[in-house]
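entry-v3.cif, holding mmCIF, C-alpha atoms:
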```cif
data_query
#
loop_
_atom_site.group_PDB
_atom_site.id
_atom_site.type_symbol
_atom_site.label_atom_id
_atom_site.label_comp_id
_atom_site.auth_asym_id
_atom_site.auth_seq_id
_atom_site.Cartn_x
_atom_site.Cartn_y
_atom_site.Cartn_z
ATOM 1 C CA MET A 308 -41.238 -5.536 -26.805
ATOM 2 C CA ARG A 309 -41.501 -9.328 -26.695
ATOM 3 C CA ARG A 310 -38.917 -9.612 -29.481
ATOM 4 C CA ILE A 311 -36.528 -7.319 -27.623
ATOM 5 C CA THR A 312 -36.937 -9.324 -24.417
ATOM 6 C CA HIS A 313 -36.396 -12.564 -26.312
ATOM 7 C CA PHE A 314 -33.255 -11.127 -27.915
ATOM 8 C CA ILE A 315 -31.846 -9.964 -24.552
ATOM 9 C CA TYR A 316 -32.374 -13.352 -22.916
ATOM 10 C CA ASN A 317 -31.132 -15.296 -25.926
ATOM 11 C CA GLN A 318 -28.083 -17.351 -24.936
ATOM 12 C CA LYS A 319 -26.277 -16.570 -28.186
ATOM 13 C CA ALA A 320 -26.878 -12.840 -27.895
ATOM 14 C CA ALA A 321 -26.184 -12.520 -24.159
ATOM 15 C CA PRO A 322 -22.348 -12.454 -24.433
ATOM 16 C CA TYR A 323 -22.514 -9.635 -27.002
ATOM 17 C CA ILE A 324 -24.940 -7.655 -24.848
ATOM 18 C CA PHE A 325 -22.674 -7.923 -21.812
ATOM 19 C CA VAL A 326 -19.584 -6.880 -23.761
ATOM 20 C CA LEU A 327 -21.357 -4.040 -25.587
ATOM 21 C CA PRO A 328 -20.822 -1.377 -22.852
ATOM 22 C CA PHE A 329 -17.067 -2.003 -22.900
ATOM 23 C CA VAL A 330 -16.921 -1.910 -26.698
ATOM 24 C CA LEU A 331 -18.860 1.360 -26.849
ATOM 25 C CA THR A 332 -16.722 2.903 -24.113
ATOM 26 C CA PHE A 333 -13.538 1.796 -25.860
ATOM 27 C CA LEU A 334 -14.672 3.202 -29.204
ATOM 28 C CA VAL A 335 -15.906 6.523 -27.809
ATOM 29 C CA PHE A 336 -13.179 7.257 -25.256
ATOM 30 C CA PHE A 337 -10.105 5.660 -26.900
ATOM 31 C CA VAL A 338 -10.437 4.860 -30.613
ATOM 32 C CA TYR A 339 -12.241 8.059 -31.578
ATOM 33 C CA PRO A 340 -9.871 10.361 -29.600
ATOM 34 C CA VAL A 341 -6.831 8.581 -31.074
ATOM 35 C CA PHE A 342 -8.026 9.036 -34.665
ATOM 36 C CA THR A 343 -8.975 12.635 -33.918
ATOM 37 C CA THR A 344 -5.531 13.254 -32.436
ATOM 38 C CA ILE A 345 -3.860 11.738 -35.501
ATOM 39 C CA ARG A 346 -5.789 14.117 -37.744
ATOM 40 C CA MET A 347 -5.040 17.119 -35.532
ATOM 41 C CA SER A 348 -1.319 16.310 -35.454
ATOM 42 C CA PHE A 349 -1.123 17.231 -39.149
ATOM 43 C CA GLN A 350 -2.865 20.554 -38.591
ATOM 44 C CA GLU A 351 -2.174 23.973 -37.149
ATOM 45 C CA ILE A 352 -5.164 24.819 -34.992
ATOM 46 C CA LEU A 353 -5.794 28.423 -34.047
ATOM 47 C CA PRO A 354 -9.010 30.054 -32.787
ATOM 48 C CA GLY A 355 -11.382 30.017 -35.757
ATOM 49 C CA MET A 356 -8.778 28.679 -38.194
ATOM 50 C CA ILE A 357 -7.496 25.196 -39.027
ATOM 51 C CA THR A 358 -4.652 24.718 -41.519
ATOM 52 C CA ASN A 359 -3.189 21.470 -42.811
ATOM 53 C CA VAL A 360 0.586 21.589 -42.350
ATOM 54 C CA GLY A 361 1.612 18.020 -43.200
ATOM 55 C CA LEU A 362 4.642 16.803 -41.232
ATOM 56 C CA LYS A 363 5.591 20.272 -39.997
ATOM 57 C CA ASN A 364 4.609 19.549 -36.376
ATOM 58 C CA TYR A 365 6.713 16.369 -36.285
ATOM 59 C CA GLN A 366 9.696 18.079 -37.910
ATOM 60 C CA ARG A 367 9.529 20.836 -35.352
ATOM 61 C CA LEU A 368 9.169 18.285 -32.571
ATOM 62 C CA LEU A 369 12.311 16.399 -33.553
ATOM 63 C CA GLY A 370 14.347 19.592 -33.502
ATOM 64 C CA ASP A 371 12.996 20.901 -30.184
ATOM 65 C CA ARG A 372 15.626 20.776 -27.430
ATOM 66 C CA ILE A 373 13.035 21.213 -24.661
ATOM 67 C CA PHE A 374 11.103 18.213 -25.951
ATOM 68 C CA ARG A 375 14.265 16.097 -25.775
ATOM 69 C CA THR A 376 14.706 17.281 -22.179
ATOM 70 C CA ALA A 377 11.124 16.262 -21.366
ATOM 71 C CA VAL A 378 11.659 12.833 -22.950
ATOM 72 C CA SER A 379 14.892 12.349 -21.000
ATOM 73 C CA ASN A 380 13.188 13.320 -17.722
ATOM 74 C CA SER A 381 10.237 10.991 -18.344
ATOM 75 C CA PHE A 382 12.450 8.023 -19.173
ATOM 76 C CA GLU A 383 14.683 8.664 -16.175
ATOM 77 C CA TYR A 384 11.654 8.895 -13.895
ATOM 78 C CA MET A 385 10.190 5.721 -15.411
ATOM 79 C CA PHE A 386 13.470 3.850 -14.941
ATOM 80 C CA TRP A 387 13.819 4.692 -11.245
ATOM 81 C CA THR A 388 10.168 4.117 -10.363
ATOM 82 C CA VAL A 389 10.109 0.740 -12.142
ATOM 83 C CA LEU A 390 13.376 -0.207 -10.426
ATOM 84 C CA ILE A 391 11.845 0.562 -7.014
ATOM 85 C CA LEU A 392 8.131 -0.132 -7.395
ATOM 86 C CA ILE A 393 8.500 -3.675 -8.751
ATOM 87 C CA PRO A 394 10.781 -5.483 -6.242
ATOM 88 C CA MET A 395 10.232 -3.443 -3.059
ATOM 89 C CA PRO A 396 6.425 -3.843 -2.816
ATOM 90 C CA LEU A 397 6.813 -7.536 -3.672
ATOM 91 C CA ALA A 398 9.235 -8.042 -0.780
ATOM 92 C CA LEU A 399 6.971 -6.092 1.574
ATOM 93 C CA ALA A 400 3.912 -8.053 0.447
ATOM 94 C CA TYR A 401 5.769 -11.313 1.050
ATOM 95 C CA MET A 402 6.602 -10.240 4.598
ATOM 96 C CA LEU A 403 3.039 -9.084 5.256
ATOM 97 C CA ASN A 404 1.739 -12.419 3.999
ATOM 98 C CA SER A 405 4.045 -14.357 6.293
ATOM 99 C CA ARG A 406 2.474 -16.153 9.251
ATOM 100 C CA SER A 407 5.212 -14.846 11.516
ATOM 101 C CA MET A 408 4.378 -11.215 10.727
ATOM 102 C CA ALA A 409 3.060 -9.344 13.764
ATOM 103 C CA ALA A 410 0.043 -7.024 13.269
ATOM 104 C CA PRO A 411 -0.056 -7.318 9.446
ATOM 105 C CA GLY A 412 -3.332 -5.388 9.242
ATOM 106 C CA LEU A 413 -1.763 -2.368 10.939
ATOM 107 C CA PHE A 414 1.167 -2.309 8.546
ATOM 108 C CA LYS A 415 -1.118 -2.788 5.538
ATOM 109 C CA GLY A 416 -3.100 0.253 6.581
ATOM 110 C CA ILE A 417 0.025 2.352 7.137
ATOM 111 C CA LEU A 418 1.517 1.391 3.777
ATOM 112 C CA PHE A 419 -1.745 1.943 1.877
ATOM 113 C CA LEU A 420 -2.553 5.278 3.562
ATOM 114 C CA PRO A 421 -0.394 7.462 1.223
ATOM 115 C CA ILE A 422 -2.496 6.644 -1.854
ATOM 116 C CA LEU A 423 -5.530 8.064 -0.038
ATOM 117 C CA THR A 424 -3.689 11.363 0.228
ATOM 118 C CA SER A 425 -4.513 13.864 -2.493
ATOM 119 C CA VAL A 426 -1.666 14.489 -4.924
ATOM 120 C CA VAL A 427 -2.125 18.186 -4.188
ATOM 121 C CA VAL A 428 -1.511 17.598 -0.500
ATOM 122 C CA ALA A 429 1.354 15.193 -1.177
ATOM 123 C CA GLY A 430 3.028 17.630 -3.563
ATOM 124 C CA THR A 431 2.726 20.482 -1.073
ATOM 125 C CA ILE A 432 4.125 18.393 1.788
ATOM 126 C CA PHE A 433 7.099 17.155 -0.214
ATOM 127 C CA ARG A 434 7.756 20.642 -1.537
ATOM 128 C CA LEU A 435 8.124 21.739 2.090
ATOM 129 C CA ILE A 436 10.207 18.666 3.008
ATOM 130 C CA PHE A 437 12.637 19.436 0.184
ATOM 131 C CA GLY A 438 12.493 23.207 0.706
ATOM 132 C CA GLU A 439 15.409 25.603 0.272
ATOM 133 C CA LEU A 440 15.375 27.063 3.785
ATOM 134 C CA PRO A 441 17.747 25.690 6.447
ATOM 135 C CA GLY A 442 14.702 24.726 8.519
ATOM 136 C CA SER A 443 13.240 22.367 5.912
ATOM 137 C CA PHE A 444 13.233 18.701 6.891
ATOM 138 C CA MET A 445 15.874 17.460 4.449
ATOM 139 C CA ASN A 446 18.188 20.392 5.143
ATOM 140 C CA THR A 447 17.760 19.726 8.855
ATOM 141 C CA VAL A 448 18.886 16.144 8.221
ATOM 142 C CA ARG A 449 21.920 17.474 6.337
ATOM 143 C CA ALA A 450 22.705 19.853 9.194
ATOM 144 C CA PHE A 451 22.628 16.924 11.634
ATOM 145 C CA PHE A 452 25.504 15.393 9.672
ATOM 146 C CA GLY A 453 27.331 18.706 9.473
ATOM 147 C CA LEU A 454 26.416 19.441 5.849
ATOM 148 C CA ALA A 455 25.315 22.784 4.436
ATOM 149 C CA PRO A 456 21.727 23.247 3.196
ATOM 150 C CA ILE A 457 21.093 22.896 -0.540
ATOM 151 C CA LYS A 458 18.348 23.889 -2.964
ATOM 152 C CA TRP A 459 16.863 20.448 -3.565
ATOM 153 C CA LEU A 460 14.297 21.375 -6.187
ATOM 154 C CA ARG A 461 16.638 23.592 -8.190
ATOM 155 C CA GLN A 462 19.215 20.914 -9.020
ATOM 156 C CA GLU A 463 18.717 18.179 -11.591
ATOM 157 C CA GLY A 464 19.803 15.169 -9.529
ATOM 158 C CA THR A 465 18.176 16.101 -6.226
ATOM 159 C CA GLY A 466 15.027 17.347 -7.958
ATOM 160 C CA MET A 467 14.512 14.010 -9.711
ATOM 161 C CA ALA A 468 15.271 12.175 -6.464
ATOM 162 C CA ALA A 469 12.582 14.181 -4.650
ATOM 163 C CA LEU A 470 10.070 13.413 -7.399
ATOM 164 C CA VAL A 471 10.845 9.678 -7.380
ATOM 165 C CA ILE A 472 10.679 9.487 -3.576
ATOM 166 C CA MET A 473 7.309 11.229 -3.494
ATOM 167 C CA CYS A 474 5.803 8.992 -6.180
ATOM 168 C CA CYS A 475 7.178 5.796 -4.639
ATOM 169 C CA TRP A 476 5.786 6.889 -1.280
ATOM 170 C CA ARG A 477 2.336 7.266 -2.859
ATOM 171 C CA TRP A 478 2.213 4.116 -5.001
ATOM 172 C CA THR A 479 4.019 1.478 -2.957
ATOM 173 C CA GLY A 480 0.844 0.550 -1.049
ATOM 174 C CA VAL A 481 -1.156 -0.038 -4.238
ATOM 175 C CA ASN A 482 1.437 -2.426 -5.651
ATOM 176 C CA ILE A 483 1.577 -4.229 -2.313
ATOM 177 C CA LEU A 484 -2.154 -4.927 -2.601
ATOM 178 C CA TYR A 485 -1.677 -6.362 -6.099
ATOM 179 C CA TYR A 486 1.063 -8.667 -4.863
ATOM 180 C CA LEU A 487 -0.838 -9.650 -1.721
ATOM 181 C CA ALA A 488 -3.825 -10.707 -3.806
ATOM 182 C CA ALA A 489 -1.550 -12.942 -5.873
ATOM 183 C CA LEU A 490 0.273 -14.369 -2.854
ATOM 184 C CA LYS A 491 -3.030 -15.268 -1.171
ATOM 185 C CA ASN A 492 -3.781 -17.594 -4.091
ATOM 186 C CA ILE A 493 -0.649 -19.687 -3.491
ATOM 187 C CA PRO A 494 -1.604 -22.863 -1.582
ATOM 188 C CA PRO A 495 0.008 -22.901 1.901
ATOM 189 C CA GLU A 496 0.863 -26.567 1.349
ATOM 190 C CA MET A 497 3.564 -25.537 -1.110
ATOM 191 C CA TYR A 498 5.372 -23.511 1.570
ATOM 192 C CA GLU A 499 4.906 -26.320 4.100
ATOM 193 C CA SER A 500 6.409 -28.863 1.695
ATOM 194 C CA ALA A 501 9.340 -26.549 1.058
ATOM 195 C CA GLU A 502 9.906 -26.170 4.819
ATOM 196 C CA ILE A 503 9.936 -29.960 5.227
ATOM 197 C CA ASP A 504 12.602 -30.112 2.516
ATOM 198 C CA GLY A 505 14.662 -27.579 4.477
ATOM 199 C CA ALA A 506 14.014 -24.430 2.413
ATOM 200 C CA ASN A 507 14.589 -21.120 4.171
ATOM 201 C CA ALA A 508 12.547 -17.924 3.711
ATOM 202 C CA TRP A 509 14.675 -16.656 0.823
ATOM 203 C CA GLN A 510 14.461 -19.953 -1.049
ATOM 204 C CA LYS A 511 10.674 -20.087 -0.623
ATOM 205 C CA PHE A 512 10.405 -16.522 -1.853
ATOM 206 C CA ARG A 513 12.653 -17.118 -4.856
ATOM 207 C CA HIS A 514 11.440 -20.532 -5.985
ATOM 208 C CA ILE A 515 7.755 -20.437 -5.012
ATOM 209 C CA SER A 516 6.446 -16.898 -4.573
ATOM 210 C CA VAL A 517 8.178 -15.132 -7.468
ATOM 211 C CA PRO A 518 7.361 -17.726 -10.184
ATOM 212 C CA LEU A 519 3.719 -18.031 -9.105
ATOM 213 C CA VAL A 520 3.098 -14.268 -8.971
ATOM 214 C CA LYS A 521 4.832 -13.645 -12.306
ATOM 215 C CA PRO A 522 1.565 -12.619 -14.066
ATOM 216 C CA THR A 523 1.005 -9.980 -11.389
ATOM 217 C CA ILE A 524 4.607 -8.805 -11.671
ATOM 218 C CA ILE A 525 4.138 -8.375 -15.429
ATOM 219 C CA TYR A 526 0.900 -6.463 -14.855
ATOM 220 C CA VAL A 527 2.503 -4.141 -12.301
ATOM 221 C CA LEU A 528 5.471 -3.645 -14.646
ATOM 222 C CA THR A 529 3.155 -2.740 -17.521
ATOM 223 C CA ILE A 530 1.171 -0.146 -15.585
ATOM 224 C CA SER A 531 4.361 1.217 -14.009
ATOM 225 C CA ILE A 532 5.916 1.826 -17.429
ATOM 226 C CA TYR A 533 2.810 3.604 -18.642
ATOM 227 C CA GLY A 534 2.438 5.528 -15.388
ATOM 228 C CA GLY A 535 6.076 6.599 -15.512
ATOM 229 C CA LEU A 536 5.822 7.973 -19.042
ATOM 230 C CA ALA A 537 2.420 9.578 -18.430
ATOM 231 C CA MET A 538 3.302 11.214 -15.104
ATOM 232 C CA PHE A 539 2.408 14.913 -14.853
ATOM 233 C CA THR A 540 0.387 15.909 -11.799
ATOM 234 C CA GLU A 541 3.068 14.932 -9.267
ATOM 235 C CA SER A 542 5.686 17.046 -11.029
ATOM 236 C CA TYR A 543 3.251 19.937 -11.423
ATOM 237 C CA MET A 544 2.475 19.973 -7.704
ATOM 238 C CA LEU A 545 6.045 19.413 -6.497
ATOM 239 C CA TRP A 546 7.288 22.483 -8.383
ATOM 240 C CA ALA A 547 4.017 24.406 -7.886
ATOM 241 C CA GLY A 548 3.533 24.718 -11.636
ATOM 242 C CA ASN A 549 4.754 23.497 -15.000
ATOM 243 C CA ASN A 550 7.867 25.679 -15.059
ATOM 244 C CA SER A 551 10.568 23.983 -13.008
ATOM 245 C CA PRO A 552 14.077 25.516 -12.999
ATOM 246 C CA ARG A 553 15.810 24.673 -16.303
ATOM 247 C CA ASN A 554 12.927 22.252 -16.966
ATOM 248 C CA ILE A 555 14.408 19.670 -14.588
ATOM 249 C CA GLY A 556 10.888 18.460 -13.703
ATOM 250 C CA LEU A 557 9.330 18.775 -17.157
ATOM 251 C CA THR A 558 7.812 15.531 -18.474
ATOM 252 C CA ILE A 559 6.372 14.601 -21.861
ATOM 253 C CA VAL A 560 2.832 15.195 -20.611
ATOM 254 C CA GLY A 561 3.953 18.451 -19.025
ATOM 255 C CA TYR A 562 5.399 19.516 -22.377
ATOM 256 C CA LEU A 563 2.122 18.534 -24.061
ATOM 257 C CA TYR A 564 0.190 20.591 -21.498
ATOM 258 C CA ARG A 565 2.481 23.566 -22.050
ATOM 259 C CA GLN A 566 2.096 23.481 -25.812
ATOM 260 C CA GLY A 567 -1.600 22.638 -25.977
ATOM 261 C CA TRP A 568 -3.153 24.589 -23.115
ATOM 262 C CA GLU A 569 -0.663 27.219 -22.055
ATOM 263 C CA GLN A 570 0.438 28.226 -25.587
ATOM 264 C CA ASN A 571 -2.714 27.154 -27.502
ATOM 265 C CA ARG A 572 -0.916 24.930 -30.028
ATOM 266 C CA MET A 573 -3.306 22.014 -30.122
ATOM 267 C CA GLY A 574 -2.009 20.586 -33.392
ATOM 268 C CA PHE A 575 1.555 20.490 -32.121
ATOM 269 C CA ALA A 576 0.383 19.093 -28.769
ATOM 270 C CA SER A 577 -1.455 16.304 -30.627
ATOM 271 C CA ALA A 578 1.830 15.299 -32.261
ATOM 272 C CA VAL A 579 3.440 15.189 -28.803
ATOM 273 C CA GLY A 580 0.625 12.976 -27.513
ATOM 274 C CA LEU A 581 1.015 10.536 -30.393
ATOM 275 C CA VAL A 582 4.764 10.294 -29.845
ATOM 276 C CA LEU A 583 4.084 9.509 -26.185
ATOM 277 C CA LEU A 584 1.597 6.804 -27.206
ATOM 278 C CA VAL A 585 4.173 5.285 -29.571
ATOM 279 C CA PHE A 586 6.890 5.344 -26.874
ATOM 280 C CA ALA A 587 4.650 3.645 -24.310
ATOM 281 C CA SER A 588 3.381 1.053 -26.811
ATOM 282 C CA ILE A 589 6.858 0.106 -28.035
ATOM 283 C CA ILE A 590 8.337 -0.231 -24.540
ATOM 284 C CA ASN A 591 5.400 -2.265 -23.256
ATOM 285 C CA PHE A 592 5.487 -4.472 -26.362
ATOM 286 C CA ILE A 593 9.179 -5.159 -25.797
ATOM 287 C CA GLN A 594 8.760 -6.001 -22.121
ATOM 288 C CA LEU A 595 5.721 -8.216 -22.806
ATOM 289 C CA ARG A 596 7.743 -10.023 -25.454
ATOM 290 C CA LEU A 597 10.745 -10.435 -23.151
ATOM 291 C CA THR A 598 8.588 -11.699 -20.287
ATOM 292 C CA GLY A 599 6.927 -14.264 -22.547
ATOM 293 C CA VAL A 600 3.391 -12.831 -22.528
ATOM 294 C CA LEU A 601 3.459 -12.230 -26.284
ATOM 295 C CA GLY A 602 4.547 -14.905 -28.697
ATOM 296 C CA LYS A 603 3.843 -17.944 -26.498
ATOM 297 C CA GLU A 604 1.790 -19.749 -29.126
ATOM 298 C CA GLY A 605 4.402 -19.168 -31.827
ATOM 299 C CA ASP A 606 7.184 -20.423 -29.583
#
```
Spell out the structure here as structure tokens.
Amino acid sequence: MRRITHFIYNQKAAPYIFVLPFVLTFLVFFVYPVFTTIRMSFQEILPGMITNVGLKNYQRLLGDRIFRTAVSNSFEYMFWTVLILIPMPLALAYMLNSRSMAAPGLFKGILFLPILTSVVVAGTIFRLIFGELPGSFMNTVRAFFGLAPIKWLRQEGTGMAALVIMCCWRWTGVNILYYLAALKNIPPEMYESAEIDGANAWQKFRHISVPLVKPTIIYVLTISIYGGLAMFTESYMLWAGNNSPRNIGLTIVGYLYRQGWEQNRMGFASAVGLVLLVFASIINFIQLRLTGVLGKEGD
């Protein structure tokens, strides 16, 4: 016991002891599942029977039209959410951090409230907002302008718009908190010096706030790319299931869920999951390289 206590309190061993829980968690819940998924992707897994099929799952995946639809939907969703959820929360956070902002705490609470709403509740509410009946909210808005009601969730363009709006409504508040935390670390003296030099609000935002919160912007961009490609629950709830009309709401994870759980093709679903991991890794690697996070030492 004395030796164990001495080892725990040893200054050389302490860093390894503190990092051990993370390492074990990473190995058990990430590395092991990834290697297991790689092995399963080369197999056909049926109840009580496992057969090695080589590259058959990947060959089938490349020729699957529905999979290409799911990939297209996921990338389109990722594009629009990144385009909205990077600059808009930053601008809102900058306004909330301004000294001239009235009742900032109230607005922070209002903007953060959607993330506290269950995705089940949010999906149900937005499904009613974008309903087919003339009395639904969005069709009522169209009627106010003299337009006929439409079936929002049965058309490709309007269905994706509804999905993007719902997700941006839920996640804007979280990104605002990230940006606010970064903006709070900027010394007020920098803004005061800029004001003395005659800088207006836009110039202070562009030349002080944006450069100094760049690490946070890169972080939010990284998680937004991953979140966009891995989105599933929002689509599932908006269309009340994983079978949207003509697969207009089907995502890569939704396709994985359909193949693995609904159709019991775990080997094929493992191949889908690995392709998703490769997509997300490549895109994030490219954006980290372009933003200068990777390759700084070599440059």
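Distances here use only C-alpha atoms; by that measure, the residue among A:Ser405, A:Ser425, A:Thr332, A:Asn549 closest to Tyr562 (chain A) is A:Asn549.
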**Request:** Excluding Val471 (chain A) and residues on its chain fewer than 2 positions from it, collect all residues at most 9 Å away from it, counting only C-alpha atoms, and give them as a list of chain:residue names.
**Result:**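 Here the answer would be A:Tyr384, A:Met385, A:Trp387, A:Thr388, A:Gly466, A:Met467, A:Ala468, A:Ala469, A:Met473, A:Cys474, A:Cys475, A:Trp476.
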**Message:** Selection in question (the file shown): the PyMOL selection byres ((chain A and resi 417) around 12). Which residues does it include, as a PyMOL selection string?
**Reply:** chain A and resi 403+410-416+418-424+476-477+479-481+483
**Message:** Restricting the calculation to only C-alpha atoms: of A:Ile515, A:Glu463, A:Ser551, A:Pro522, which residue gets closest to Glu499 (chain A)?
**Reply:**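 Once distances to Glu499 (chain A) are computed over only C-alpha atoms, the minimum belongs to A:Ile515.
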**Request:** Mind giving me the straight-line distance from CA of Val389 (chain A) to CA of Ser531 (chain A) in Å, one decimal?
**Result:** 6.1 Å
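Among the candidates A:Pro354, A:Pro518, A:Pro441, A:Gly370, the residue lying nearest to Arg572 (chain A) is A:Pro354 (atoms considered: all atoms listed in the file).
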**Item:** Contacts of region 567-569 of chain A at 12 Å (all atoms listed in the file; same-chain gap of 6+ positions) as number ranges by chain
**Value:** A: 347-348, 351-353, 548-550, 560-561, 575-580
Go ahead and write the residues just picked, C-alpha atoms, as a compact mmCIF listing (two decimals), keeping the file's coordinate frame.
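And here's out00.txt as it stands now:
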```
# COMPACT_ATOMS: atom_id res chain seq x y z
CA MET A 347 -5.04 17.12 -35.53
CA SER A 348 -1.32 16.31 -35.45
CA GLU A 351 -2.17 23.97 -37.15
CA ILE A 352 -5.16 24.82 -34.99
CA LEU A 353 -5.79 28.42 -34.05
CA GLY A 548 3.53 24.72 -11.64
CA ASN A 549 4.75 23.50 -15.00
CA ASN A 550 7.87 25.68 -15.06
CA VAL A 560 2.83 15.20 -20.61
CA GLY A 561 3.95 18.45 -19.02
CA PHE A 575 1.56 20.49 -32.12
CA ALA A 576 0.38 19.09 -28.77
CA SER A 577 -1.46 16.30 -30.63
CA ALA A 578 1.83 15.30 -32.26
CA VAL A 579 3.44 15.19 -28.80
CA GLY A 580 0.62 12.98 -27.51
```
**Asked** Hey, can you check how far CA of Phe349 (chain A) sits from CA of Leu362 (chain A)?
**Response**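 According to the coordinates, CA of Phe349 (chain A) and CA of Leu362 (chain A) are separated by 6.1 Å.
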**Item:** Selection under test: the PyMOL selection byres ((chain A and resi 393) around 8); residues as a PyMOL selection string
**Value:** chain A and resi 389-392+394-397+482+524+527-528
**Request:** Might you spell out which residues the PyMOL selection byres ((chain A and resi 516) around 10) would select in the displayed file, as an MDAnalysis selection string?
**Result:** chainID A and resid 397 401 486 489:490 493 497:498 509:515 517:521
